[in-house]
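For reference, the structure discussed in these notes is given below.
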Amino acid sequence: MCCGFGGAFAVEFPELSGRIGRDRLADLAATGAEFMTATDTSCLLHLDGIRGRERSGPRAIHLAEILAAR
């Protein structure tokens, strides 16, 4: 599912971008996960920024961080 950031999309439609991101984060939080991961840094930054402002939801971690920790 799209995180709502999508480069220029977030600039053109900031309210919609934020709403999509909040919806995605709520979906992820509902799973009880401690972390969320992706390979797209902008998605992770967008969702983790929302998480920081809302003070809830799983923390963003890039797939490379997971592989490096192994």
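Ligands are numbered from 1 in the order shown, chains are lettered A, B, ... in the order of the structure tokens, and residues start at 1 in each chain.
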
- Message: Residues near region 40-44 of chain A, anyone? I mean within 7 Å using only C-alpha atoms, not counting same-chain ones fewer than 2 positions away, as a list in words.
- Response: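 Counting only the stated atoms, we get Cys3, Phe5, Ala38, His46, Leu47, Asp48 and Ala60 of chain A.
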
- Task: Considering only C-alpha atoms, state which residue in the set A:Val11, A:Gly6, A:Ala26, A:Ala33 is at the smallest distance from Leu45 (chain A).
- Result: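 Nearest to Leu45 (chain A): A:Gly6.
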
Assign secondary structure with DSSP using the backbone only, and return the residues of chain A in helix (DSSP H, G or I) as a PDB file with all heavy atoms, in the first residue's frame.
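Done, and the output landed in states_0.pdb:
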```pdb
ATOM      1  N   ALA A   8       6.292  14.424  -5.542  1.00  0.00           N
ATOM      2  CA  ALA A   8       5.530  15.650  -5.800  1.00  0.00           C
ATOM      3  C   ALA A   8       4.088  15.553  -5.295  1.00  0.00           C
ATOM      4  O   ALA A   8       3.460  16.570  -5.016  1.00  0.00           O
ATOM      5  CB  ALA A   8       5.543  15.960  -7.293  1.00  0.00           C
ATOM      6  N   PHE A   9       3.574  14.357  -5.150  1.00  0.00           N
ATOM      7  CA  PHE A   9       2.206  14.176  -4.654  1.00  0.00           C
ATOM      8  C   PHE A   9       2.034  14.844  -3.292  1.00  0.00           C
ATOM      9  O   PHE A   9       1.041  15.520  -3.039  1.00  0.00           O
ATOM     10  CB  PHE A   9       1.876  12.677  -4.548  1.00  0.00           C
ATOM     11  CG  PHE A   9       0.505  12.392  -4.026  1.00  0.00           C
ATOM     12  CD1 PHE A   9      -0.591  12.446  -4.871  1.00  0.00           C
ATOM     13  CD2 PHE A   9       0.302  12.083  -2.693  1.00  0.00           C
ATOM     14  CE1 PHE A   9      -1.871  12.191  -4.393  1.00  0.00           C
ATOM     15  CE2 PHE A   9      -0.969  11.820  -2.203  1.00  0.00           C
ATOM     16  CZ  PHE A   9      -2.059  11.882  -3.061  1.00  0.00           C
ATOM     17  N   ALA A  10       3.016  14.662  -2.410  1.00  0.00           N
ATOM     18  CA  ALA A  10       2.947  15.237  -1.071  1.00  0.00           C
ATOM     19  C   ALA A  10       2.975  16.764  -1.111  1.00  0.00           C
ATOM     20  O   ALA A  10       2.389  17.415  -0.251  1.00  0.00           O
ATOM     21  CB  ALA A  10       4.086  14.715  -0.206  1.00  0.00           C
ATOM     22  N   VAL A  11       3.645  17.323  -2.103  1.00  0.00           N
ATOM     23  CA  VAL A  11       3.705  18.779  -2.243  1.00  0.00           C
ATOM     24  C   VAL A  11       2.398  19.308  -2.819  1.00  0.00           C
ATOM     25  O   VAL A  11       1.865  20.322  -2.361  1.00  0.00           O
ATOM     26  CB  VAL A  11       4.898  19.188  -3.141  1.00  0.00           C
ATOM     27  CG1 VAL A  11       4.903  20.677  -3.401  1.00  0.00           C
ATOM     28  CG2 VAL A  11       6.208  18.745  -2.502  1.00  0.00           C
ATOM     29  N   GLU A  12       1.866  18.622  -3.803  1.00  0.00           N
ATOM     30  CA  GLU A  12       0.623  19.035  -4.453  1.00  0.00           C
ATOM     31  C   GLU A  12      -0.605  18.838  -3.563  1.00  0.00           C
ATOM     32  O   GLU A  12      -1.533  19.627  -3.595  1.00  0.00           O
ATOM     33  CB  GLU A  12       0.419  18.245  -5.751  1.00  0.00           C
ATOM     34  CG  GLU A  12       1.456  18.506  -6.813  1.00  0.00           C
ATOM     35  CD  GLU A  12       1.105  19.689  -7.685  1.00  0.00           C
ATOM     36  OE1 GLU A  12      -0.086  20.020  -7.815  1.00  0.00           O
ATOM     37  OE2 GLU A  12       2.055  20.285  -8.228  1.00  0.00           O
ATOM     38  N   PRO A  14      -0.822  18.020   0.212  1.00  0.00           N
ATOM     39  CA  PRO A  14      -0.286  17.715   1.540  1.00  0.00           C
ATOM     40  C   PRO A  14      -1.314  17.131   2.514  1.00  0.00           C
ATOM     41  O   PRO A  14      -0.976  16.243   3.298  1.00  0.00           O
ATOM     42  CB  PRO A  14       0.253  19.052   2.033  1.00  0.00           C
ATOM     43  CG  PRO A  14      -0.439  20.087   1.213  1.00  0.00           C
ATOM     44  CD  PRO A  14      -0.734  19.442  -0.110  1.00  0.00           C
ATOM     45  N   GLU A  15      -2.539  17.604   2.474  1.00  0.00           N
ATOM     46  CA  GLU A  15      -3.552  17.067   3.392  1.00  0.00           C
ATOM     47  C   GLU A  15      -3.860  15.607   3.078  1.00  0.00           C
ATOM     48  O   GLU A  15      -3.966  14.782   3.977  1.00  0.00           O
ATOM     49  CB  GLU A  15      -4.828  17.903   3.333  1.00  0.00           C
ATOM     50  CG  GLU A  15      -4.681  19.253   3.991  1.00  0.00           C
ATOM     51  CD  GLU A  15      -5.981  20.036   3.996  1.00  0.00           C
ATOM     52  OE1 GLU A  15      -7.062  19.420   3.909  1.00  0.00           O
ATOM     53  OE2 GLU A  15      -5.900  21.264   4.091  1.00  0.00           O
ATOM     54  N   LEU A  16      -4.026  15.297   1.796  1.00  0.00           N
ATOM     55  CA  LEU A  16      -4.303  13.923   1.387  1.00  0.00           C
ATOM     56  C   LEU A  16      -3.113  13.018   1.697  1.00  0.00           C
ATOM     57  O   LEU A  16      -3.277  11.906   2.188  1.00  0.00           O
ATOM     58  CB  LEU A  16      -4.654  13.874  -0.100  1.00  0.00           C
ATOM     59  CG  LEU A  16      -5.011  12.508  -0.678  1.00  0.00           C
ATOM     60  CD1 LEU A  16      -6.164  11.871   0.091  1.00  0.00           C
ATOM     61  CD2 LEU A  16      -5.363  12.651  -2.156  1.00  0.00           C
ATOM     62  N   SER A  17      -1.910  13.517   1.439  1.00  0.00           N
ATOM     63  CA  SER A  17      -0.698  12.764   1.735  1.00  0.00           C
ATOM     64  C   SER A  17      -0.629  12.420   3.220  1.00  0.00           C
ATOM     65  O   SER A  17      -0.339  11.275   3.591  1.00  0.00           O
ATOM     66  CB  SER A  17       0.531  13.582   1.331  1.00  0.00           C
ATOM     67  OG  SER A  17       1.716  12.958   1.735  1.00  0.00           O
ATOM     68  N   GLY A  18      -0.910  13.383   4.061  1.00  0.00           N
ATOM     69  CA  GLY A  18      -0.902  13.150   5.504  1.00  0.00           C
ATOM     70  C   GLY A  18      -1.970  12.163   5.937  1.00  0.00           C
ATOM     71  O   GLY A  18      -1.725  11.301   6.781  1.00  0.00           O
ATOM     72  N   ARG A  19      -3.145  12.287   5.343  1.00  0.00           N
ATOM     73  CA  ARG A  19      -4.246  11.367   5.697  1.00  0.00           C
ATOM     74  C   ARG A  19      -3.913   9.929   5.312  1.00  0.00           C
ATOM     75  O   ARG A  19      -4.136   9.001   6.084  1.00  0.00           O
ATOM     76  CB  ARG A  19      -5.536  11.813   5.025  1.00  0.00           C
ATOM     77  CG  ARG A  19      -6.739  11.050   5.533  1.00  0.00           C
ATOM     78  CD  ARG A  19      -8.048  11.650   5.096  1.00  0.00           C
ATOM     79  NE  ARG A  19      -7.900  12.686   4.094  1.00  0.00           N
ATOM     80  CZ  ARG A  19      -8.692  12.853   3.044  1.00  0.00           C
ATOM     81  NH1 ARG A  19      -9.709  12.039   2.857  1.00  0.00           N
ATOM     82  NH2 ARG A  19      -8.496  13.827   2.183  1.00  0.00           N
ATOM     83  N   ILE A  20      -3.354   9.756   4.109  1.00  0.00           N
ATOM     84  CA  ILE A  20      -2.959   8.410   3.673  1.00  0.00           C
ATOM     85  C   ILE A  20      -1.883   7.860   4.611  1.00  0.00           C
ATOM     86  O   ILE A  20      -1.940   6.705   5.029  1.00  0.00           O
ATOM     87  CB  ILE A  20      -2.462   8.413   2.213  1.00  0.00           C
ATOM     88  CG1 ILE A  20      -3.616   8.737   1.258  1.00  0.00           C
ATOM     89  CG2 ILE A  20      -1.818   7.076   1.846  1.00  0.00           C
ATOM     90  CD1 ILE A  20      -3.173   9.008  -0.175  1.00  0.00           C
ATOM     91  N   GLY A  21      -0.909   8.691   4.949  1.00  0.00           N
ATOM     92  CA  GLY A  21       0.153   8.262   5.857  1.00  0.00           C
ATOM     93  C   GLY A  21      -0.380   7.880   7.227  1.00  0.00           C
ATOM     94  O   GLY A  21       0.025   6.864   7.800  1.00  0.00           O
ATOM     95  N   ARG A  22      -1.290   8.684   7.769  1.00  0.00           N
ATOM     96  CA  ARG A  22      -1.882   8.358   9.072  1.00  0.00           C
ATOM     97  C   ARG A  22      -2.677   7.056   9.014  1.00  0.00           C
ATOM     98  O   ARG A  22      -2.632   6.244   9.939  1.00  0.00           O
ATOM     99  CB  ARG A  22      -2.750   9.514   9.568  1.00  0.00           C
ATOM    100  CG  ARG A  22      -1.929  10.696  10.078  1.00  0.00           C
ATOM    101  CD  ARG A  22      -2.769  11.755  10.753  1.00  0.00           C
ATOM    102  NE  ARG A  22      -3.798  12.321   9.881  1.00  0.00           N
ATOM    103  CZ  ARG A  22      -3.593  13.288   8.993  1.00  0.00           C
ATOM    104  NH1 ARG A  22      -2.377  13.799   8.840  1.00  0.00           N
ATOM    105  NH2 ARG A  22      -4.584  13.747   8.254  1.00  0.00           N
ATOM    106  N   ASP A  23      -3.405   6.856   7.910  1.00  0.00           N
ATOM    107  CA  ASP A  23      -4.143   5.600   7.737  1.00  0.00           C
ATOM    108  C   ASP A  23      -3.197   4.403   7.691  1.00  0.00           C
ATOM    109  O   ASP A  23      -3.450   3.370   8.302  1.00  0.00           O
ATOM    110  CB  ASP A  23      -4.986   5.626   6.458  1.00  0.00           C
ATOM    111  CG  ASP A  23      -6.204   6.517   6.561  1.00  0.00           C
ATOM    112  OD1 ASP A  23      -6.542   6.975   7.681  1.00  0.00           O
ATOM    113  OD2 ASP A  23      -6.825   6.765   5.500  1.00  0.00           O
ATOM    114  N   ARG A  24      -2.091   4.531   6.942  1.00  0.00           N
ATOM    115  CA  ARG A  24      -1.118   3.444   6.829  1.00  0.00           C
ATOM    116  C   ARG A  24      -0.529   3.142   8.193  1.00  0.00           C
ATOM    117  O   ARG A  24      -0.376   1.991   8.597  1.00  0.00           O
ATOM    118  CB  ARG A  24       0.022   3.852   5.887  1.00  0.00           C
ATOM    119  CG  ARG A  24       0.209   3.262   4.558  1.00  0.00           C
ATOM    120  CD  ARG A  24      -0.778   2.260   4.052  1.00  0.00           C
ATOM    121  NE  ARG A  24      -1.794   2.905   3.265  1.00  0.00           N
ATOM    122  CZ  ARG A  24      -3.101   2.902   3.507  1.00  0.00           C
ATOM    123  NH1 ARG A  24      -3.620   2.261   4.517  1.00  0.00           N
ATOM    124  NH2 ARG A  24      -3.943   3.526   2.744  1.00  0.00           N
ATOM    125  N   LEU A  25      -0.146   4.205   8.918  1.00  0.00           N
ATOM    126  CA  LEU A  25       0.460   4.021  10.229  1.00  0.00           C
ATOM    127  C   LEU A  25      -0.529   3.366  11.196  1.00  0.00           C
ATOM    128  O   LEU A  25      -0.157   2.491  11.981  1.00  0.00           O
ATOM    129  CB  LEU A  25       0.953   5.355  10.784  1.00  0.00           C
ATOM    130  CG  LEU A  25       1.825   5.264  12.026  1.00  0.00           C
ATOM    131  CD1 LEU A  25       3.094   4.474  11.742  1.00  0.00           C
ATOM    132  CD2 LEU A  25       2.159   6.646  12.535  1.00  0.00           C
ATOM    133  N   ALA A  26      -1.790   3.752  11.131  1.00  0.00           N
ATOM    134  CA  ALA A  26      -2.818   3.130  11.981  1.00  0.00           C
ATOM    135  C   ALA A  26      -2.953   1.651  11.658  1.00  0.00           C
ATOM    136  O   ALA A  26      -3.082   0.820  12.569  1.00  0.00           O
ATOM    137  CB  ALA A  26      -4.150   3.847  11.809  1.00  0.00           C
ATOM    138  N   ASP A  27      -2.919   1.311  10.365  1.00  0.00           N
ATOM    139  CA  ASP A  27      -2.985  -0.099   9.963  1.00  0.00           C
ATOM    140  C   ASP A  27      -1.805  -0.878  10.546  1.00  0.00           C
ATOM    141  O   ASP A  27      -1.975  -1.992  11.053  1.00  0.00           O
ATOM    142  CB  ASP A  27      -2.966  -0.244   8.436  1.00  0.00           C
ATOM    143  CG  ASP A  27      -4.221   0.264   7.764  1.00  0.00           C
ATOM    144  OD1 ASP A  27      -5.255   0.443   8.456  1.00  0.00           O
ATOM    145  OD2 ASP A  27      -4.173   0.503   6.535  1.00  0.00           O
ATOM    146  N   LEU A  28      -0.616  -0.288  10.460  1.00  0.00           N
ATOM    147  CA  LEU A  28       0.583  -0.947  10.981  1.00  0.00           C
ATOM    148  C   LEU A  28       0.521  -1.062  12.503  1.00  0.00           C
ATOM    149  O   LEU A  28       0.860  -2.099  13.071  1.00  0.00           O
ATOM    150  CB  LEU A  28       1.835  -0.183  10.558  1.00  0.00           C
ATOM    151  CG  LEU A  28       2.153  -0.232   9.063  1.00  0.00           C
ATOM    152  CD1 LEU A  28       3.169   0.842   8.698  1.00  0.00           C
ATOM    153  CD2 LEU A  28       2.652  -1.605   8.667  1.00  0.00           C
ATOM    154  N   ALA A  29       0.078  -0.009  13.174  1.00  0.00           N
ATOM    155  CA  ALA A  29      -0.017  -0.020  14.638  1.00  0.00           C
ATOM    156  C   ALA A  29      -1.013  -1.081  15.110  1.00  0.00           C
ATOM    157  O   ALA A  29      -0.804  -1.715  16.151  1.00  0.00           O
ATOM    158  CB  ALA A  29      -0.410   1.358  15.152  1.00  0.00           C
ATOM    159  N   ALA A  30      -2.064  -1.290  14.348  1.00  0.00           N
ATOM    160  CA  ALA A  30      -3.098  -2.264  14.727  1.00  0.00           C
ATOM    161  C   ALA A  30      -2.558  -3.693  14.760  1.00  0.00           C
ATOM    162  O   ALA A  30      -3.136  -4.554  15.417  1.00  0.00           O
ATOM    163  CB  ALA A  30      -4.284  -2.172  13.771  1.00  0.00           C
ATOM    164  N   THR A  41      13.300   4.878   1.379  1.00  0.00           N
ATOM    165  CA  THR A  41      13.621   5.774   2.481  1.00  0.00           C
ATOM    166  C   THR A  41      12.592   6.880   2.654  1.00  0.00           C
ATOM    167  O   THR A  41      12.247   7.237   3.782  1.00  0.00           O
ATOM    168  CB  THR A  41      15.020   6.383   2.275  1.00  0.00           C
ATOM    169  OG1 THR A  41      15.964   5.320   2.105  1.00  0.00           O
ATOM    170  CG2 THR A  41      15.444   7.223   3.462  1.00  0.00           C
ATOM    171  N   SER A  42      12.063   7.414   1.555  1.00  0.00           N
ATOM    172  CA  SER A  42      11.081   8.501   1.687  1.00  0.00           C
ATOM    173  C   SER A  42       9.804   8.016   2.356  1.00  0.00           C
ATOM    174  O   SER A  42       9.205   8.740   3.165  1.00  0.00           O
ATOM    175  CB  SER A  42      10.791   9.161   0.335  1.00  0.00           C
ATOM    176  OG  SER A  42      10.248   8.240  -0.577  1.00  0.00           O
ATOM    177  N   CYS A  43       9.376   6.791   2.083  1.00  0.00           N
ATOM    178  CA  CYS A  43       8.202   6.233   2.767  1.00  0.00           C
ATOM    179  C   CYS A  43       8.469   6.112   4.261  1.00  0.00           C
ATOM    180  O   CYS A  43       7.623   6.472   5.084  1.00  0.00           O
ATOM    181  CB  CYS A  43       7.846   4.854   2.211  1.00  0.00           C
ATOM    182  SG  CYS A  43       7.152   4.882   0.563  1.00  0.00           S
ATOM    183  N   LEU A  44       9.642   5.595   4.605  1.00  0.00           N
ATOM    184  CA  LEU A  44       9.977   5.431   6.010  1.00  0.00           C
ATOM    185  C   LEU A  44      10.054   6.768   6.728  1.00  0.00           C
ATOM    186  O   LEU A  44       9.580   6.905   7.858  1.00  0.00           O
ATOM    187  CB  LEU A  44      11.294   4.667   6.157  1.00  0.00           C
ATOM    188  CG  LEU A  44      11.254   3.203   5.741  1.00  0.00           C
ATOM    189  CD1 LEU A  44      12.656   2.598   5.795  1.00  0.00           C
ATOM    190  CD2 LEU A  44      10.298   2.415   6.614  1.00  0.00           C
ATOM    191  N   LEU A  45      10.632   7.766   6.087  1.00  0.00           N
ATOM    192  CA  LEU A  45      10.715   9.094   6.696  1.00  0.00           C
ATOM    193  C   LEU A  45       9.327   9.691   6.889  1.00  0.00           C
ATOM    194  O   LEU A  45       9.036  10.306   7.922  1.00  0.00           O
ATOM    195  CB  LEU A  45      11.584  10.028   5.843  1.00  0.00           C
ATOM    196  CG  LEU A  45      13.068   9.727   5.845  1.00  0.00           C
ATOM    197  CD1 LEU A  45      13.788  10.568   4.792  1.00  0.00           C
ATOM    198  CD2 LEU A  45      13.657   9.988   7.220  1.00  0.00           C
ATOM    199  N   HIS A  46       8.475   9.549   5.898  1.00  0.00           N
ATOM    200  CA  HIS A  46       7.103  10.069   5.964  1.00  0.00           C
ATOM    201  C   HIS A  46       6.349   9.417   7.121  1.00  0.00           C
ATOM    202  O   HIS A  46       5.786  10.111   7.985  1.00  0.00           O
ATOM    203  CB  HIS A  46       6.402   9.803   4.628  1.00  0.00           C
ATOM    204  CG  HIS A  46       4.981  10.232   4.557  1.00  0.00           C
ATOM    205  ND1 HIS A  46       4.579  11.528   4.766  1.00  0.00           N
ATOM    206  CD2 HIS A  46       3.857   9.535   4.288  1.00  0.00           C
ATOM    207  CE1 HIS A  46       3.266  11.610   4.631  1.00  0.00           C
ATOM    208  NE2 HIS A  46       2.803  10.402   4.337  1.00  0.00           N
ATOM    209  N   LEU A  47       6.344   8.096   7.167  1.00  0.00           N
ATOM    210  CA  LEU A  47       5.602   7.381   8.206  1.00  0.00           C
ATOM    211  C   LEU A  47       6.215   7.576   9.590  1.00  0.00           C
ATOM    212  O   LEU A  47       5.495   7.725  10.585  1.00  0.00           O
ATOM    213  CB  LEU A  47       5.503   5.896   7.858  1.00  0.00           C
ATOM    214  CG  LEU A  47       4.662   5.577   6.626  1.00  0.00           C
ATOM    215  CD1 LEU A  47       4.765   4.102   6.270  1.00  0.00           C
ATOM    216  CD2 LEU A  47       3.217   5.996   6.817  1.00  0.00           C
ATOM    217  N   ASP A  48       7.536   7.610   9.669  1.00  0.00           N
ATOM    218  CA  ASP A  48       8.174   7.809  10.968  1.00  0.00           C
ATOM    219  C   ASP A  48       7.968   9.245  11.465  1.00  0.00           C
ATOM    220  O   ASP A  48       7.879   9.474  12.669  1.00  0.00           O
ATOM    221  CB  ASP A  48       9.656   7.458  10.908  1.00  0.00           C
ATOM    222  CG  ASP A  48      10.205   7.024  12.252  1.00  0.00           C
ATOM    223  OD1 ASP A  48       9.526   6.226  12.945  1.00  0.00           O
ATOM    224  OD2 ASP A  48      11.297   7.482  12.629  1.00  0.00           O
ATOM    225  N   GLY A  49       7.877  10.192  10.538  1.00  0.00           N
ATOM    226  CA  GLY A  49       7.577  11.562  10.926  1.00  0.00           C
ATOM    227  C   GLY A  49       6.186  11.675  11.536  1.00  0.00           C
ATOM    228  O   GLY A  49       5.987  12.349  12.554  1.00  0.00           O
ATOM    229  N   ILE A  50       5.239  11.003  10.928  1.00  0.00           N
ATOM    230  CA  ILE A  50       3.869  10.971  11.471  1.00  0.00           C
ATOM    231  C   ILE A  50       3.877  10.284  12.830  1.00  0.00           C
ATOM    232  O   ILE A  50       3.275  10.767  13.790  1.00  0.00           O
ATOM    233  CB  ILE A  50       2.907  10.268  10.497  1.00  0.00           C
ATOM    234  CG1 ILE A  50       2.762  11.092   9.212  1.00  0.00           C
ATOM    235  CG2 ILE A  50       1.545  10.039  11.146  1.00  0.00           C
ATOM    236  CD1 ILE A  50       2.054  10.371   8.083  1.00  0.00           C
ATOM    237  N   ARG A  51       4.591   9.165  12.925  1.00  0.00           N
ATOM    238  CA  ARG A  51       4.688   8.441  14.200  1.00  0.00           C
ATOM    239  C   ARG A  51       5.249   9.346  15.289  1.00  0.00           C
ATOM    240  O   ARG A  51       4.742   9.377  16.415  1.00  0.00           O
ATOM    241  CB  ARG A  51       5.584   7.214  14.058  1.00  0.00           C
ATOM    242  CG  ARG A  51       5.689   6.400  15.348  1.00  0.00           C
ATOM    243  CD  ARG A  51       6.830   5.396  15.268  1.00  0.00           C
ATOM    244  NE  ARG A  51       8.120   6.043  15.225  1.00  0.00           N
ATOM    245  CZ  ARG A  51       8.804   6.435  16.306  1.00  0.00           C
ATOM    246  NH1 ARG A  51       8.328   6.258  17.504  1.00  0.00           N
ATOM    247  NH2 ARG A  51       9.985   7.008  16.170  1.00  0.00           N
ATOM    248  N   GLY A  52       6.266  10.117  14.963  1.00  0.00           N
ATOM    249  CA  GLY A  52       6.872  11.023  15.941  1.00  0.00           C
ATOM    250  C   GLY A  52       5.912  12.103  16.408  1.00  0.00           C
ATOM    251  O   GLY A  52       5.845  12.421  17.594  1.00  0.00           O
ATOM    252  N   ARG A  53       5.148  12.657  15.480  1.00  0.00           N
ATOM    253  CA  ARG A  53       4.180  13.700  15.842  1.00  0.00           C
ATOM    254  C   ARG A  53       3.018  13.136  16.637  1.00  0.00           C
ATOM    255  O   ARG A  53       2.518  13.784  17.548  1.00  0.00           O
ATOM    256  CB  ARG A  53       3.674  14.414  14.584  1.00  0.00           C
ATOM    257  CG  ARG A  53       4.707  15.346  13.968  1.00  0.00           C
ATOM    258  CD  ARG A  53       4.110  16.177  12.850  1.00  0.00           C
ATOM    259  NE  ARG A  53       3.717  15.391  11.691  1.00  0.00           N
ATOM    260  CZ  ARG A  53       4.544  14.920  10.764  1.00  0.00           C
ATOM    261  NH1 ARG A  53       5.842  15.126  10.862  1.00  0.00           N
ATOM    262  NH2 ARG A  53       4.089  14.227   9.744  1.00  0.00           N
ATOM    263  N   GLU A  54       2.584  11.935  16.285  1.00  0.00           N
ATOM    264  CA  GLU A  54       1.438  11.330  16.961  1.00  0.00           C
ATOM    265  C   GLU A  54       1.853  10.526  18.190  1.00  0.00           C
ATOM    266  O   GLU A  54       0.998  10.094  18.960  1.00  0.00           O
ATOM    267  CB  GLU A  54       0.655  10.467  15.976  1.00  0.00           C
ATOM    268  CG  GLU A  54       0.198  11.299  14.796  1.00  0.00           C
ATOM    269  CD  GLU A  54      -1.069  10.814  14.164  1.00  0.00           C
ATOM    270  OE1 GLU A  54      -1.508   9.701  14.470  1.00  0.00           O
ATOM    271  OE2 GLU A  54      -1.609  11.578  13.356  1.00  0.00           O
ATOM    272  N   LEU A  63      15.291  -1.809   5.665  1.00  0.00           N
ATOM    273  CA  LEU A  63      15.648  -3.210   5.468  1.00  0.00           C
ATOM    274  C   LEU A  63      17.159  -3.409   5.586  1.00  0.00           C
ATOM    275  O   LEU A  63      17.613  -4.412   6.152  1.00  0.00           O
ATOM    276  CB  LEU A  63      15.149  -3.691   4.110  1.00  0.00           C
ATOM    277  CG  LEU A  63      15.444  -5.136   3.755  1.00  0.00           C
ATOM    278  CD1 LEU A  63      14.814  -6.081   4.771  1.00  0.00           C
ATOM    279  CD2 LEU A  63      14.937  -5.456   2.359  1.00  0.00           C
ATOM    280  N   ALA A  64      17.948  -2.451   5.106  1.00  0.00           N
ATOM    281  CA  ALA A  64      19.408  -2.571   5.204  1.00  0.00           C
ATOM    282  C   ALA A  64      19.866  -2.617   6.655  1.00  0.00           C
ATOM    283  O   ALA A  64      20.848  -3.304   6.976  1.00  0.00           O
ATOM    284  CB  ALA A  64      20.078  -1.399   4.478  1.00  0.00           C
ATOM    285  N   GLU A  65      19.178  -1.906   7.560  1.00  0.00           N
ATOM    286  CA  GLU A  65      19.524  -1.946   8.975  1.00  0.00           C
ATOM    287  C   GLU A  65      19.282  -3.336   9.566  1.00  0.00           C
ATOM    288  O   GLU A  65      20.057  -3.812  10.391  1.00  0.00           O
ATOM    289  CB  GLU A  65      18.704  -0.924   9.758  1.00  0.00           C
ATOM    290  CG  GLU A  65      19.037   0.517   9.420  1.00  0.00           C
ATOM    291  CD  GLU A  65      18.143   1.470  10.170  1.00  0.00           C
ATOM    292  OE1 GLU A  65      18.446   1.799  11.330  1.00  0.00           O
ATOM    293  OE2 GLU A  65      17.111   1.875   9.590  1.00  0.00           O
ATOM    294  N   ILE A  66      18.203  -3.958   9.138  1.00  0.00           N
ATOM    295  CA  ILE A  66      17.894  -5.304   9.610  1.00  0.00           C
ATOM    296  C   ILE A  66      18.954  -6.286   9.134  1.00  0.00           C
ATOM    297  O   ILE A  66      19.472  -7.098   9.911  1.00  0.00           O
ATOM    298  CB  ILE A  66      16.503  -5.756   9.128  1.00  0.00           C
ATOM    299  CG1 ILE A  66      15.419  -4.860   9.746  1.00  0.00           C
ATOM    300  CG2 ILE A  66      16.258  -7.220   9.451  1.00  0.00           C
ATOM    301  CD1 ILE A  66      14.053  -5.036   9.138  1.00  0.00           C
ATOM    302  N   LEU A  67      19.311  -6.193   7.869  1.00  0.00           N
ATOM    303  CA  LEU A  67      20.321  -7.097   7.308  1.00  0.00           C
ATOM    304  C   LEU A  67      21.684  -6.863   7.923  1.00  0.00           C
ATOM    305  O   LEU A  67      22.427  -7.812   8.184  1.00  0.00           O
ATOM    306  CB  LEU A  67      20.370  -6.951   5.792  1.00  0.00           C
ATOM    307  CG  LEU A  67      19.102  -7.356   5.048  1.00  0.00           C
ATOM    308  CD1 LEU A  67      19.214  -7.001   3.570  1.00  0.00           C
ATOM    309  CD2 LEU A  67      18.787  -8.826   5.236  1.00  0.00           C
ATOM    310  N   ALA A  68      22.018  -5.605   8.204  1.00  0.00           N
ATOM    311  CA  ALA A  68      23.320  -5.286   8.790  1.00  0.00           C
ATOM    312  C   ALA A  68      23.427  -5.802  10.230  1.00  0.00           C
ATOM    313  O   ALA A  68      24.503  -6.177  10.684  1.00  0.00           O
ATOM    314  CB  ALA A  68      23.560  -3.781   8.757  1.00  0.00           C
ATOM    315  N   ALA A  69      22.302  -5.829  10.937  1.00  0.00           N
ATOM    316  CA  ALA A  69      22.303  -6.286  12.328  1.00  0.00           C
ATOM    317  C   ALA A  69      22.431  -7.803  12.432  1.00  0.00           C
ATOM    318  O   ALA A  69      22.803  -8.328  13.468  1.00  0.00           O
ATOM    319  CB  ALA A  69      21.025  -5.832  13.024  1.00  0.00           C
TER     320      ALA A  69
END
```

- Proximity to His62 (chain A) - best of A:Met36, A:Thr31, A:Phe13, A:Cys2, only C-alpha atoms: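 The answer is A:Met36, which sits nearest to His62 (chain A).
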
- Item | Polymer residues at most 8 Å from Glu34 (chain A), only C-alpha atoms, same-chain spacing of 4 or more positions, as a VMD selection string | chain A and resid 57 to 59

- Message: Just list as a PyMOL selection string whatever in chain A DSSP marks as strand (DSSP E or B).
- Response: chain A and resi 35-38+59-62
